[in-house]
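Novice: For reference, the file coords.cif (mmCIF, C-alpha atoms) is included below:
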```
data_target
loop_
_atom_site.group_PDB
_atom_site.id
_atom_site.type_symbol
_atom_site.label_atom_id
_atom_site.label_comp_id
_atom_site.auth_asym_id
_atom_site.auth_seq_id
_atom_site.Cartn_x
_atom_site.Cartn_y
_atom_site.Cartn_z
ATOM 1 C CA MET A 1 -18.662 -1.755 17.289
ATOM 2 C CA ASN A 2 -17.251 -5.256 17.547
ATOM 3 C CA THR A 3 -13.816 -6.354 16.371
ATOM 4 C CA THR A 4 -15.059 -7.658 13.025
ATOM 5 C CA ALA A 5 -16.928 -4.452 12.201
ATOM 6 C CA THR A 6 -13.921 -2.367 13.275
ATOM 7 C CA THR A 7 -11.594 -4.475 11.153
ATOM 8 C CA LEU A 8 -13.792 -4.192 8.077
ATOM 9 C CA LYS A 9 -14.050 -0.435 8.507
ATOM 10 C CA MET A 10 -10.263 -0.057 8.721
ATOM 11 C CA ILE A 11 -9.580 -2.228 5.682
ATOM 12 C CA PHE A 12 -12.268 -0.726 3.477
ATOM 13 C CA ASP A 13 -11.514 2.851 4.544
ATOM 14 C CA ARG A 14 -7.998 2.302 3.215
ATOM 15 C CA TRP A 15 -9.179 0.674 -0.002
ATOM 16 C CA TYR A 16 -11.629 3.456 -0.793
ATOM 17 C CA ALA A 17 -9.223 6.220 0.237
ATOM 18 C CA LEU A 18 -6.583 4.892 -2.131
ATOM 19 C CA LEU A 19 -9.090 4.464 -4.965
ATOM 20 C CA LYS A 20 -10.118 8.072 -4.414
ATOM 21 C CA ASN A 21 -6.482 9.204 -4.456
ATOM 22 C CA PHE A 22 -5.789 7.306 -7.666
ATOM 23 C CA ASP A 23 -8.950 8.732 -9.187
ATOM 24 C CA ALA A 24 -7.905 12.294 -8.274
ATOM 25 C CA SER A 25 -4.479 11.743 -9.864
ATOM 26 C CA LEU A 26 -6.130 10.296 -12.964
ATOM 27 C CA ASN A 27 -8.514 13.229 -13.290
ATOM 28 C CA ALA A 28 -5.597 15.656 -13.046
ATOM 29 C CA LEU A 29 -3.940 14.116 -16.119
ATOM 30 C CA THR A 30 -4.909 14.668 -19.755
ATOM 31 C CA ASP A 31 -5.199 11.774 -22.186
ATOM 32 C CA GLU A 32 -1.977 13.012 -23.736
ATOM 33 C CA GLN A 33 -0.185 12.949 -20.377
ATOM 34 C CA LEU A 34 -1.326 9.354 -19.853
ATOM 35 C CA GLN A 35 0.890 8.473 -22.804
ATOM 36 C CA HIS A 36 3.925 9.664 -20.820
ATOM 37 C CA GLU A 37 6.190 7.311 -18.917
ATOM 38 C CA ILE A 38 6.316 7.479 -15.107
ATOM 39 C CA ALA A 39 10.121 7.679 -15.449
ATOM 40 C CA PRO A 40 12.417 7.325 -18.472
ATOM 41 C CA GLY A 41 12.073 3.852 -19.988
ATOM 42 C CA LYS A 42 9.411 2.748 -17.477
ATOM 43 C CA ASN A 43 5.663 2.065 -17.780
ATOM 44 C CA ARG A 44 3.349 4.656 -19.294
ATOM 45 C CA GLY A 45 0.434 6.107 -17.351
ATOM 46 C CA ILE A 46 -2.068 4.441 -19.657
ATOM 47 C CA TYR A 47 -0.482 1.064 -18.972
ATOM 48 C CA LEU A 48 -0.752 1.566 -15.209
ATOM 49 C CA LEU A 49 -4.396 2.581 -15.575
ATOM 50 C CA GLY A 50 -5.158 -0.530 -17.644
ATOM 51 C CA HIS A 51 -3.172 -2.652 -15.188
ATOM 52 C CA MET A 52 -5.181 -1.403 -12.210
ATOM 53 C CA ILE A 53 -8.478 -2.134 -13.962
ATOM 54 C CA ALA A 54 -7.371 -5.612 -15.029
ATOM 55 C CA VAL A 55 -6.100 -6.515 -11.545
ATOM 56 C CA HIS A 56 -9.240 -5.192 -9.849
ATOM 57 C CA ASP A 57 -11.378 -7.050 -12.383
ATOM 58 C CA ASP A 58 -9.803 -10.283 -11.235
ATOM 59 C CA MET A 59 -10.986 -9.537 -7.689
ATOM 60 C CA LEU A 60 -14.549 -10.319 -8.801
ATOM 61 C CA VAL A 61 -13.476 -13.847 -9.671
ATOM 62 C CA LEU A 62 -11.334 -14.336 -6.567
ATOM 63 C CA LEU A 63 -14.171 -13.121 -4.359
ATOM 64 C CA GLY A 64 -16.783 -15.276 -6.093
ATOM 65 C CA LEU A 65 -18.733 -12.176 -7.095
ATOM 66 C CA GLY A 66 -19.163 -12.958 -10.773
ATOM 67 C CA ASP A 67 -17.276 -12.826 -14.029
ATOM 68 C CA LYS A 68 -14.745 -10.207 -15.053
ATOM 69 C CA LEU A 69 -16.186 -7.048 -16.558
ATOM 70 C CA TYR A 70 -13.276 -6.582 -18.976
ATOM 71 C CA PRO A 71 -11.570 -9.938 -19.601
ATOM 72 C CA GLU A 72 -9.954 -8.468 -22.725
ATOM 73 C CA LEU A 73 -7.686 -6.321 -20.509
ATOM 74 C CA ASN A 74 -5.866 -9.326 -19.050
ATOM 75 C CA GLU A 75 -3.662 -9.918 -22.077
ATOM 76 C CA PRO A 76 -2.409 -6.349 -22.694
ATOM 77 C CA PHE A 77 -2.207 -5.174 -19.056
ATOM 78 C CA ILE A 78 -1.292 -8.218 -16.957
ATOM 79 C CA LYS A 79 0.263 -10.850 -19.210
ATOM 80 C CA SER A 80 2.176 -8.377 -21.391
ATOM 81 C CA PRO A 81 4.657 -5.675 -20.387
ATOM 82 C CA ASP A 82 3.998 -2.119 -21.537
ATOM 83 C CA LYS A 83 4.792 -1.198 -25.143
ATOM 84 C CA THR A 84 4.607 -4.776 -26.411
ATOM 85 C CA VAL A 85 0.926 -4.757 -27.453
ATOM 86 C CA ASN A 86 0.023 -2.298 -30.194
ATOM 87 C CA ASP A 87 -3.728 -2.379 -30.028
ATOM 88 C CA ILE A 88 -4.723 -1.236 -26.537
ATOM 89 C CA PRO A 89 -7.914 0.655 -25.602
ATOM 90 C CA SER A 90 -7.879 4.462 -25.694
ATOM 91 C CA ALA A 91 -7.389 6.557 -22.585
ATOM 92 C CA ALA A 92 -11.033 7.646 -22.828
ATOM 93 C CA ALA A 93 -12.219 4.039 -22.978
ATOM 94 C CA LEU A 94 -10.078 3.064 -19.983
ATOM 95 C CA ARG A 95 -11.310 6.035 -17.960
ATOM 96 C CA ALA A 96 -14.882 4.845 -18.570
ATOM 97 C CA CYS A 97 -13.981 1.255 -17.548
ATOM 98 C CA TRP A 98 -12.319 2.533 -14.382
ATOM 99 C CA SER A 99 -15.341 4.589 -13.285
ATOM 100 C CA LYS A 100 -17.865 1.901 -14.036
ATOM 101 C CA GLN A 101 -15.741 -0.736 -12.360
ATOM 102 C CA ASN A 102 -15.434 1.279 -9.172
ATOM 103 C CA GLU A 103 -19.200 1.578 -8.953
ATOM 104 C CA ILE A 104 -19.809 -2.098 -9.587
ATOM 105 C CA LEU A 105 -17.105 -3.298 -7.209
ATOM 106 C CA LYS A 106 -18.558 -1.143 -4.444
ATOM 107 C CA GLN A 107 -22.069 -2.494 -5.038
ATOM 108 C CA LYS A 108 -20.823 -6.056 -4.990
ATOM 109 C CA PHE A 109 -18.612 -5.566 -1.930
ATOM 110 C CA ASP A 110 -21.515 -3.958 -0.072
ATOM 111 C CA SER A 111 -23.657 -7.026 -0.818
ATOM 112 C CA LEU A 112 -21.457 -9.294 1.331
ATOM 113 C CA GLN A 113 -22.234 -9.829 5.003
ATOM 114 C CA PRO A 114 -19.384 -9.033 7.431
ATOM 115 C CA GLU A 115 -18.671 -12.686 8.240
ATOM 116 C CA GLU A 116 -18.437 -13.569 4.551
ATOM 117 C CA TRP A 117 -15.221 -11.576 4.290
ATOM 118 C CA PHE A 118 -13.593 -14.149 6.556
ATOM 119 C CA GLN A 119 -14.613 -17.017 4.296
ATOM 120 C CA LYS A 120 -12.225 -18.511 1.771
ATOM 121 C CA HIS A 121 -11.564 -16.904 -1.579
ATOM 122 C CA THR A 122 -11.856 -18.961 -4.753
ATOM 123 C CA ALA A 123 -8.137 -19.559 -5.333
ATOM 124 C CA VAL A 124 -7.611 -21.579 -2.144
ATOM 125 C CA SER A 125 -8.855 -25.127 -1.524
ATOM 126 C CA ALA A 126 -11.085 -25.989 1.437
ATOM 127 C CA GLU A 127 -8.271 -28.153 2.840
ATOM 128 C CA ASP A 128 -5.691 -25.380 2.669
ATOM 129 C CA PHE A 129 -8.147 -22.841 4.028
ATOM 130 C CA ALA A 130 -8.796 -25.008 7.088
ATOM 131 C CA LYS A 131 -5.082 -24.690 7.909
ATOM 132 C CA GLU A 132 -4.659 -21.110 6.680
ATOM 133 C CA PRO A 133 -7.801 -19.115 7.538
ATOM 134 C CA HIS A 134 -6.069 -15.863 6.652
ATOM 135 C CA ARG A 135 -6.460 -16.811 2.970
ATOM 136 C CA ASN A 136 -9.910 -15.295 3.034
ATOM 137 C CA LYS A 137 -11.793 -12.741 0.959
ATOM 138 C CA LEU A 138 -10.729 -9.835 3.126
ATOM 139 C CA ASN A 139 -7.105 -10.651 2.414
ATOM 140 C CA ILE A 140 -7.816 -10.054 -1.279
ATOM 141 C CA ILE A 141 -8.819 -6.491 -0.383
ATOM 142 C CA ILE A 142 -5.727 -6.065 1.808
ATOM 143 C CA THR A 143 -3.249 -7.252 -0.811
ATOM 144 C CA ARG A 144 -4.889 -5.291 -3.632
ATOM 145 C CA THR A 145 -4.820 -2.183 -1.460
ATOM 146 C CA SER A 146 -1.040 -2.306 -1.158
ATOM 147 C CA HIS A 147 -0.791 -3.088 -4.882
ATOM 148 C CA LEU A 148 -2.868 0.011 -5.590
ATOM 149 C CA ALA A 149 -0.716 2.147 -3.270
ATOM 150 C CA TYR A 150 2.471 0.871 -4.944
ATOM 151 C CA HIS A 151 1.322 1.886 -8.415
ATOM 152 C CA HIS A 152 -0.245 5.120 -7.228
ATOM 153 C CA GLY A 153 3.190 6.122 -5.932
ATOM 154 C CA GLN A 154 4.374 5.720 -9.527
ATOM 155 C CA PHE A 155 1.326 7.270 -11.160
ATOM 156 C CA VAL A 156 1.835 10.583 -9.361
ATOM 157 C CA LEU A 157 5.233 10.972 -11.037
ATOM 158 C CA ILE A 158 3.692 11.531 -14.469
ATOM 159 C CA LYS A 159 4.244 15.023 -15.796
ATOM 160 C CA MET B 1 -7.813 -19.351 14.682
ATOM 161 C CA ASN B 2 -10.316 -16.704 15.744
ATOM 162 C CA THR B 3 -11.179 -13.557 13.814
ATOM 163 C CA THR B 4 -8.793 -11.348 15.787
ATOM 164 C CA ALA B 5 -5.857 -13.688 15.299
ATOM 165 C CA THR B 6 -6.674 -14.042 11.591
ATOM 166 C CA THR B 7 -6.928 -10.277 11.198
ATOM 167 C CA LEU B 8 -3.603 -9.666 12.916
ATOM 168 C CA LYS B 9 -1.913 -12.287 10.755
ATOM 169 C CA MET B 10 -3.232 -10.690 7.543
ATOM 170 C CA ILE B 11 -2.207 -7.178 8.544
ATOM 171 C CA PHE B 12 1.242 -8.074 9.837
ATOM 172 C CA ASP B 13 1.977 -10.457 6.964
ATOM 173 C CA ARG B 14 1.484 -7.498 4.624
ATOM 174 C CA TRP B 15 3.582 -5.130 6.750
ATOM 175 C CA TYR B 16 6.497 -7.546 6.985
ATOM 176 C CA ALA B 17 6.270 -8.580 3.323
ATOM 177 C CA LEU B 18 6.494 -4.948 2.227
ATOM 178 C CA LEU B 19 9.382 -4.223 4.603
ATOM 179 C CA LYS B 20 11.176 -7.235 3.133
ATOM 180 C CA ASN B 21 10.507 -6.004 -0.405
ATOM 181 C CA PHE B 22 11.778 -2.538 0.418
ATOM 182 C CA ASP B 23 14.826 -4.056 2.084
ATOM 183 C CA ALA B 24 15.581 -6.178 -0.994
ATOM 184 C CA SER B 25 15.318 -3.104 -3.237
ATOM 185 C CA LEU B 26 17.583 -1.169 -0.868
ATOM 186 C CA ASN B 27 20.192 -3.921 -0.816
ATOM 187 C CA ALA B 28 20.224 -4.004 -4.616
ATOM 188 C CA LEU B 29 21.248 -0.317 -4.777
ATOM 189 C CA THR B 30 24.718 1.106 -4.161
ATOM 190 C CA ASP B 31 25.241 4.185 -1.994
ATOM 191 C CA GLU B 32 25.925 6.072 -5.196
ATOM 192 C CA GLN B 33 22.637 4.945 -6.745
ATOM 193 C CA LEU B 34 20.779 6.148 -3.648
ATOM 194 C CA GLN B 35 21.846 9.649 -4.665
ATOM 195 C CA HIS B 36 19.852 9.281 -7.899
ATOM 196 C CA GLU B 37 16.339 10.643 -8.299
ATOM 197 C CA ILE B 38 13.415 8.247 -8.713
ATOM 198 C CA ALA B 39 12.430 10.294 -11.792
ATOM 199 C CA PRO B 40 13.810 13.565 -13.198
ATOM 200 C CA GLY B 41 13.316 16.380 -10.675
ATOM 201 C CA LYS B 42 11.730 14.105 -8.061
ATOM 202 C CA ASN B 43 12.935 12.766 -4.698
ATOM 203 C CA ARG B 44 16.264 10.989 -4.404
ATOM 204 C CA GLY B 45 16.528 7.412 -3.146
ATOM 205 C CA ILE B 46 18.355 8.548 -0.021
ATOM 206 C CA TYR B 47 15.521 10.927 0.806
ATOM 207 C CA LEU B 48 12.933 8.165 0.482
ATOM 208 C CA LEU B 49 15.036 5.912 2.719
ATOM 209 C CA GLY B 50 15.323 8.631 5.372
ATOM 210 C CA HIS B 51 11.612 9.381 5.001
ATOM 211 C CA MET B 52 10.632 5.754 5.607
ATOM 212 C CA ILE B 53 12.794 5.568 8.743
ATOM 213 C CA ALA B 54 11.443 8.860 10.104
ATOM 214 C CA VAL B 55 7.809 7.876 9.482
ATOM 215 C CA HIS B 56 8.270 4.423 11.018
ATOM 216 C CA ASP B 57 10.051 5.994 13.983
ATOM 217 C CA ASP B 58 6.932 8.000 14.702
ATOM 218 C CA MET B 59 4.968 4.740 14.960
ATOM 219 C CA LEU B 60 6.700 4.052 18.286
ATOM 220 C CA VAL B 61 5.185 7.230 19.701
ATOM 221 C CA LEU B 62 1.746 6.677 18.154
ATOM 222 C CA LEU B 63 1.649 3.128 19.485
ATOM 223 C CA GLY B 64 2.820 4.147 22.960
ATOM 224 C CA LEU B 65 5.882 1.922 22.623
ATOM 225 C CA GLY B 66 8.508 4.450 23.648
ATOM 226 C CA ASP B 67 10.458 7.371 22.284
ATOM 227 C CA LYS B 68 11.722 7.761 18.743
ATOM 228 C CA LEU B 69 15.037 6.101 17.985
ATOM 229 C CA TYR B 70 16.135 8.839 15.561
ATOM 230 C CA PRO B 71 14.269 12.089 16.334
ATOM 231 C CA GLU B 72 16.903 13.991 14.334
ATOM 232 C CA LEU B 73 15.475 12.518 11.115
ATOM 233 C CA ASN B 74 12.145 14.318 11.480
ATOM 234 C CA GLU B 75 13.423 17.681 10.302
ATOM 235 C CA PRO B 76 15.291 16.611 7.136
ATOM 236 C CA PHE B 77 13.010 13.760 6.048
ATOM 237 C CA ILE B 78 9.470 14.731 7.095
ATOM 238 C CA LYS B 79 9.318 18.477 7.651
ATOM 239 C CA SER B 80 11.625 19.366 4.750
ATOM 240 C CA PRO B 81 11.350 18.442 1.070
ATOM 241 C CA ASP B 82 14.298 16.706 -0.573
ATOM 242 C CA LYS B 83 17.335 18.806 -1.558
ATOM 243 C CA THR B 84 16.554 21.618 0.894
ATOM 244 C CA VAL B 85 18.664 20.360 3.819
ATOM 245 C CA ASN B 86 22.383 20.137 3.158
ATOM 246 C CA ASP B 87 23.534 18.138 6.106
ATOM 247 C CA ILE B 88 21.746 14.802 5.976
ATOM 248 C CA PRO B 89 23.133 11.460 7.244
ATOM 249 C CA SER B 90 25.142 9.295 4.849
ATOM 250 C CA ALA B 91 23.605 6.374 2.991
ATOM 251 C CA ALA B 92 25.644 4.005 5.163
ATOM 252 C CA ALA B 93 24.337 5.612 8.342
ATOM 253 C CA LEU B 94 20.730 5.429 7.102
ATOM 254 C CA ARG B 95 21.116 1.783 6.107
ATOM 255 C CA ALA B 96 22.247 1.027 9.665
ATOM 256 C CA CYS B 97 19.287 2.973 11.130
ATOM 257 C CA TRP B 98 16.878 1.107 8.865
ATOM 258 C CA SER B 99 18.155 -2.346 9.876
ATOM 259 C CA LYS B 100 18.260 -1.584 13.565
ATOM 260 C CA GLN B 101 14.823 0.020 13.452
ATOM 261 C CA ASN B 102 13.262 -3.000 11.780
ATOM 262 C CA GLU B 103 14.604 -5.258 14.529
ATOM 263 C CA ILE B 104 13.414 -2.999 17.318
ATOM 264 C CA LEU B 105 9.968 -2.382 15.821
ATOM 265 C CA LYS B 106 9.436 -6.129 15.466
ATOM 266 C CA GLN B 107 10.459 -6.774 19.070
ATOM 267 C CA LYS B 108 8.127 -4.053 20.318
ATOM 268 C CA PHE B 109 5.216 -5.103 18.116
ATOM 269 C CA ASP B 110 5.614 -8.706 19.284
ATOM 270 C CA SER B 111 5.380 -7.533 22.892
ATOM 271 C CA LEU B 112 1.748 -6.420 22.480
ATOM 272 C CA GLN B 113 -1.132 -8.784 23.195
ATOM 273 C CA PRO B 114 -3.636 -9.295 20.333
ATOM 274 C CA GLU B 115 -6.384 -7.271 22.015
ATOM 275 C CA GLU B 116 -4.034 -4.322 22.586
ATOM 276 C CA TRP B 117 -3.941 -3.693 18.839
ATOM 277 C CA PHE B 118 -7.605 -2.746 19.040
ATOM 278 C CA GLN B 119 -6.960 -0.182 21.757
ATOM 279 C CA LYS B 120 -6.601 3.501 20.971
ATOM 280 C CA HIS B 121 -3.387 4.979 19.644
ATOM 281 C CA THR B 122 -1.859 8.011 21.352
ATOM 282 C CA ALA B 123 -3.040 10.648 18.843
ATOM 283 C CA VAL B 124 -6.758 10.137 19.512
ATOM 284 C CA SER B 125 -8.628 11.204 22.648
ATOM 285 C CA ALA B 126 -10.602 8.712 24.737
ATOM 286 C CA GLU B 127 -13.808 10.578 23.821
ATOM 287 C CA ASP B 128 -13.166 10.378 20.091
ATOM 288 C CA PHE B 129 -12.045 6.771 20.340
ATOM 289 C CA ALA B 130 -15.336 5.812 22.017
ATOM 290 C CA LYS B 131 -17.110 7.032 18.888
ATOM 291 C CA GLU B 132 -14.459 5.891 16.393
ATOM 292 C CA PRO B 133 -12.996 2.571 17.557
ATOM 293 C CA HIS B 134 -11.224 2.091 14.237
ATOM 294 C CA ARG B 135 -8.711 4.736 15.353
ATOM 295 C CA ASN B 136 -6.748 2.015 17.079
ATOM 296 C CA LYS B 137 -3.148 0.827 17.079
ATOM 297 C CA LEU B 138 -3.722 -1.685 14.327
ATOM 298 C CA ASN B 139 -4.874 1.110 12.036
ATOM 299 C CA ILE B 140 -1.428 2.687 12.427
ATOM 300 C CA ILE B 141 0.069 -0.494 10.952
ATOM 301 C CA ILE B 142 -2.517 -0.517 8.153
ATOM 302 C CA THR B 143 -1.960 3.092 7.105
ATOM 303 C CA ARG B 144 1.833 2.858 7.322
ATOM 304 C CA THR B 145 1.714 -0.297 5.203
ATOM 305 C CA SER B 146 0.080 1.531 2.312
ATOM 306 C CA HIS B 147 2.491 4.445 2.824
ATOM 307 C CA LEU B 148 5.379 1.983 2.556
ATOM 308 C CA ALA B 149 3.901 0.400 -0.584
ATOM 309 C CA TYR B 150 3.430 3.836 -2.184
ATOM 310 C CA HIS B 151 7.067 4.799 -1.729
ATOM 311 C CA HIS B 152 8.367 1.349 -2.585
ATOM 312 C CA GLY B 153 6.655 1.719 -5.961
ATOM 313 C CA GLN B 154 8.834 4.813 -6.426
ATOM 314 C CA PHE B 155 11.985 3.348 -4.915
ATOM 315 C CA VAL B 156 12.116 0.515 -7.482
ATOM 316 C CA LEU B 157 12.421 3.095 -10.283
ATOM 317 C CA ILE B 158 15.928 4.124 -9.220
ATOM 318 C CA LYS B 159 18.569 3.173 -11.761
#
```
Could you write out this file's structure as structure tokens?

Specialist:
Amino acid sequence: MNTTATTLKMIFDRWYALLKNFDASLNALTDEQLQHEIAPGKNRGIYLLGHMIAVHDDMLVLLGLGDKLYPELNEPFIKSPDKTVNDIPSAAALRACWSKQNEILKQKFDSLQPEEWFQKHTAVSAEDFAKEPHRNKLNIIITRTSHLAYHHGQFVLIK
Amino acid sequence: MNTTATTLKMIFDRWYALLKNFDASLNALTDEQLQHEIAPGKNRGIYLLGHMIAVHDDMLVLLGLGDKLYPELNEPFIKSPDKTVNDIPSAAALRACWSKQNEILKQKFDSLQPEEWFQKHTAVSAEDFAKEPHRNKLNIIITRTSHLAYHHGQFVLIK
């Protein structure tokens, strides 16, 4: 295995392991429990679930892999703090979005050739990318992996 | 910049960014606040701080960079759950360990050549590594980065 293949395996192993962990935590919670806060006065489980979906949805755009699947989640789960938007999707609806999204993201990620992951993402200009080649597609996976880990650490606190 | 250099920059940028974030959260808490739980009935801040130091200390061994700095932290902060060991170091002592450790880890990490990060870590045999080249030193950084993110997500909940 060459360095690029090894690198991709390490990065994607982490991404998929953390998705699986989050999924296991989600499946262990009832819809009612998702209404609970992670800690007193903090975000609710349902907000974190919606937030993960909305942030991962944006990866499609950043990676040049198509439009968002659920653009309507941006407003309530990224732009707005928890408990400020009354009309959010149900836990059941968000669970369905999450599952479908994970399938589609995997299909789309698998469609890229190894070297494409080292090409620029869509939020960086060609000029900046020439100077900063680390602002590539793979870095989107790396940063979203630590974002996922951060919120999973919170999600597991729900009782 | 070649692929290896780009990869190392992405991985270490994330590691150091998350250490900095954790450090900022730590500096914003008083010693008294570190005695608080992240959520009712869950780990205390001081336990998470000790846990981070103990886990990062083990990286030295896994990376073949020397002995642990604080082997005495393994028992109370890795082997034992929170609130089961009475005699743990003070918050002030742990803050000092954390700062010193971050300096030393950086010095040691900087001493490795880029290609050394793709060599095997000490917990994998040469035979297994031949089949699984992703079990390298860089993967130790990658997995500890998501571990750090996970607990930082909890650490920020302390009031």

Novice: For Leu62 of chain B, which of B:Gln154, B:Ser146, B:Asn136, B:Gln113 is the closest residue, counting only C-alpha atoms?

Specialist: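 Closest to Leu62 of chain B of all the choices is B:Asn136.
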
Novice: Go ahead and fit an axis-aligned box to every listed atom of segment 111-123 of chain A plus 4 Å each side, and pass me the centre and edge lengths in Å, one decimal, as lines of an AutoDock Vina configuration file.

Specialist:
```
center_x = -15.9
center_y = -13.3
center_z = 1.5
size_x = 23.5
size_y = 20.5
size_z = 21.6
```

Novice: Specify as a PDB file with C-alpha atoms, keeping the file's coordinate frame each residue included when the PyMOL selection byres ((chain B) within 6 of (chain A)) is applied to this file.

Specialist:
```
ATOM      1  CA  THR B   6      -6.674 -14.042  11.591  1.00  0.00           C
ATOM      2  CA  MET B  10      -3.232 -10.690   7.543  1.00  0.00           C
ATOM      3  CA  ALA B  39      12.430  10.294 -11.792  1.00  0.00           C
ATOM      4  CA  HIS B 134     -11.224   2.091  14.237  1.00  0.00           C
ATOM      5  CA  SER B 146       0.080   1.531   2.312  1.00  0.00           C
ATOM      6  CA  ALA B 149       3.901   0.400  -0.584  1.00  0.00           C
ATOM      7  CA  TYR B 150       3.430   3.836  -2.184  1.00  0.00           C
ATOM      8  CA  HIS B 151       7.067   4.799  -1.729  1.00  0.00           C
ATOM      9  CA  GLY B 153       6.655   1.719  -5.961  1.00  0.00           C
ATOM     10  CA  GLN B 154       8.834   4.813  -6.426  1.00  0.00           C
TER      11      GLN B 154
END
```

Novice: When you draw a straight line from atom CA of Glu32 of chain B to atom CA of Leu69 of chain B, how long is it in Å?

Specialist: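 Computing the Euclidean distance for atom CA of Glu32 of chain B and atom CA of Leu69 of chain B yields 25.6 Å.
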
Novice: Selection in question (the file shown): the PyMOL selection byres ((chain A and resi 54-61) around 10). Which residues does it include, as a ChimeraX atom specification?

Specialist: /A:48-53,62-78,97-98,101-102,104-105,108-109,121-123,137,140-141,144-145,147-148

Novice: May I have the residues from that selection written out with C-alpha atoms, as an mmCIF file, in the frame of the given file?

Specialist:
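Final output, result-v9.cif:
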```cif
data_model
loop_
_atom_site.group_PDB
_atom_site.id
_atom_site.type_symbol
_atom_site.label_atom_id
_atom_site.label_comp_id
_atom_site.auth_asym_id
_atom_site.auth_seq_id
_atom_site.Cartn_x
_atom_site.Cartn_y
_atom_site.Cartn_z
ATOM 1 C CA LEU A 48 -0.752 1.566 -15.209
ATOM 2 C CA LEU A 49 -4.396 2.581 -15.575
ATOM 3 C CA GLY A 50 -5.158 -0.530 -17.644
ATOM 4 C CA HIS A 51 -3.172 -2.652 -15.188
ATOM 5 C CA MET A 52 -5.181 -1.403 -12.210
ATOM 6 C CA ILE A 53 -8.478 -2.134 -13.962
ATOM 7 C CA LEU A 62 -11.334 -14.336 -6.567
ATOM 8 C CA LEU A 63 -14.171 -13.121 -4.359
ATOM 9 C CA GLY A 64 -16.783 -15.276 -6.093
ATOM 10 C CA LEU A 65 -18.733 -12.176 -7.095
ATOM 11 C CA GLY A 66 -19.163 -12.958 -10.773
ATOM 12 C CA ASP A 67 -17.276 -12.826 -14.029
ATOM 13 C CA LYS A 68 -14.745 -10.207 -15.053
ATOM 14 C CA LEU A 69 -16.186 -7.048 -16.558
ATOM 15 C CA TYR A 70 -13.276 -6.582 -18.976
ATOM 16 C CA PRO A 71 -11.570 -9.938 -19.601
ATOM 17 C CA GLU A 72 -9.954 -8.468 -22.725
ATOM 18 C CA LEU A 73 -7.686 -6.321 -20.509
ATOM 19 C CA ASN A 74 -5.866 -9.326 -19.050
ATOM 20 C CA GLU A 75 -3.662 -9.918 -22.077
ATOM 21 C CA PRO A 76 -2.409 -6.349 -22.694
ATOM 22 C CA PHE A 77 -2.207 -5.174 -19.056
ATOM 23 C CA ILE A 78 -1.292 -8.218 -16.957
ATOM 24 C CA CYS A 97 -13.981 1.255 -17.548
ATOM 25 C CA TRP A 98 -12.319 2.533 -14.382
ATOM 26 C CA GLN A 101 -15.741 -0.736 -12.360
ATOM 27 C CA ASN A 102 -15.434 1.279 -9.172
ATOM 28 C CA ILE A 104 -19.809 -2.098 -9.587
ATOM 29 C CA LEU A 105 -17.105 -3.298 -7.209
ATOM 30 C CA LYS A 108 -20.823 -6.056 -4.990
ATOM 31 C CA PHE A 109 -18.612 -5.566 -1.930
ATOM 32 C CA HIS A 121 -11.564 -16.904 -1.579
ATOM 33 C CA THR A 122 -11.856 -18.961 -4.753
ATOM 34 C CA ALA A 123 -8.137 -19.559 -5.333
ATOM 35 C CA LYS A 137 -11.793 -12.741 0.959
ATOM 36 C CA ILE A 140 -7.816 -10.054 -1.279
ATOM 37 C CA ILE A 141 -8.819 -6.491 -0.383
ATOM 38 C CA ARG A 144 -4.889 -5.291 -3.632
ATOM 39 C CA THR A 145 -4.820 -2.183 -1.460
ATOM 40 C CA HIS A 147 -0.791 -3.088 -4.882
ATOM 41 C CA LEU A 148 -2.868 0.011 -5.590
#
```
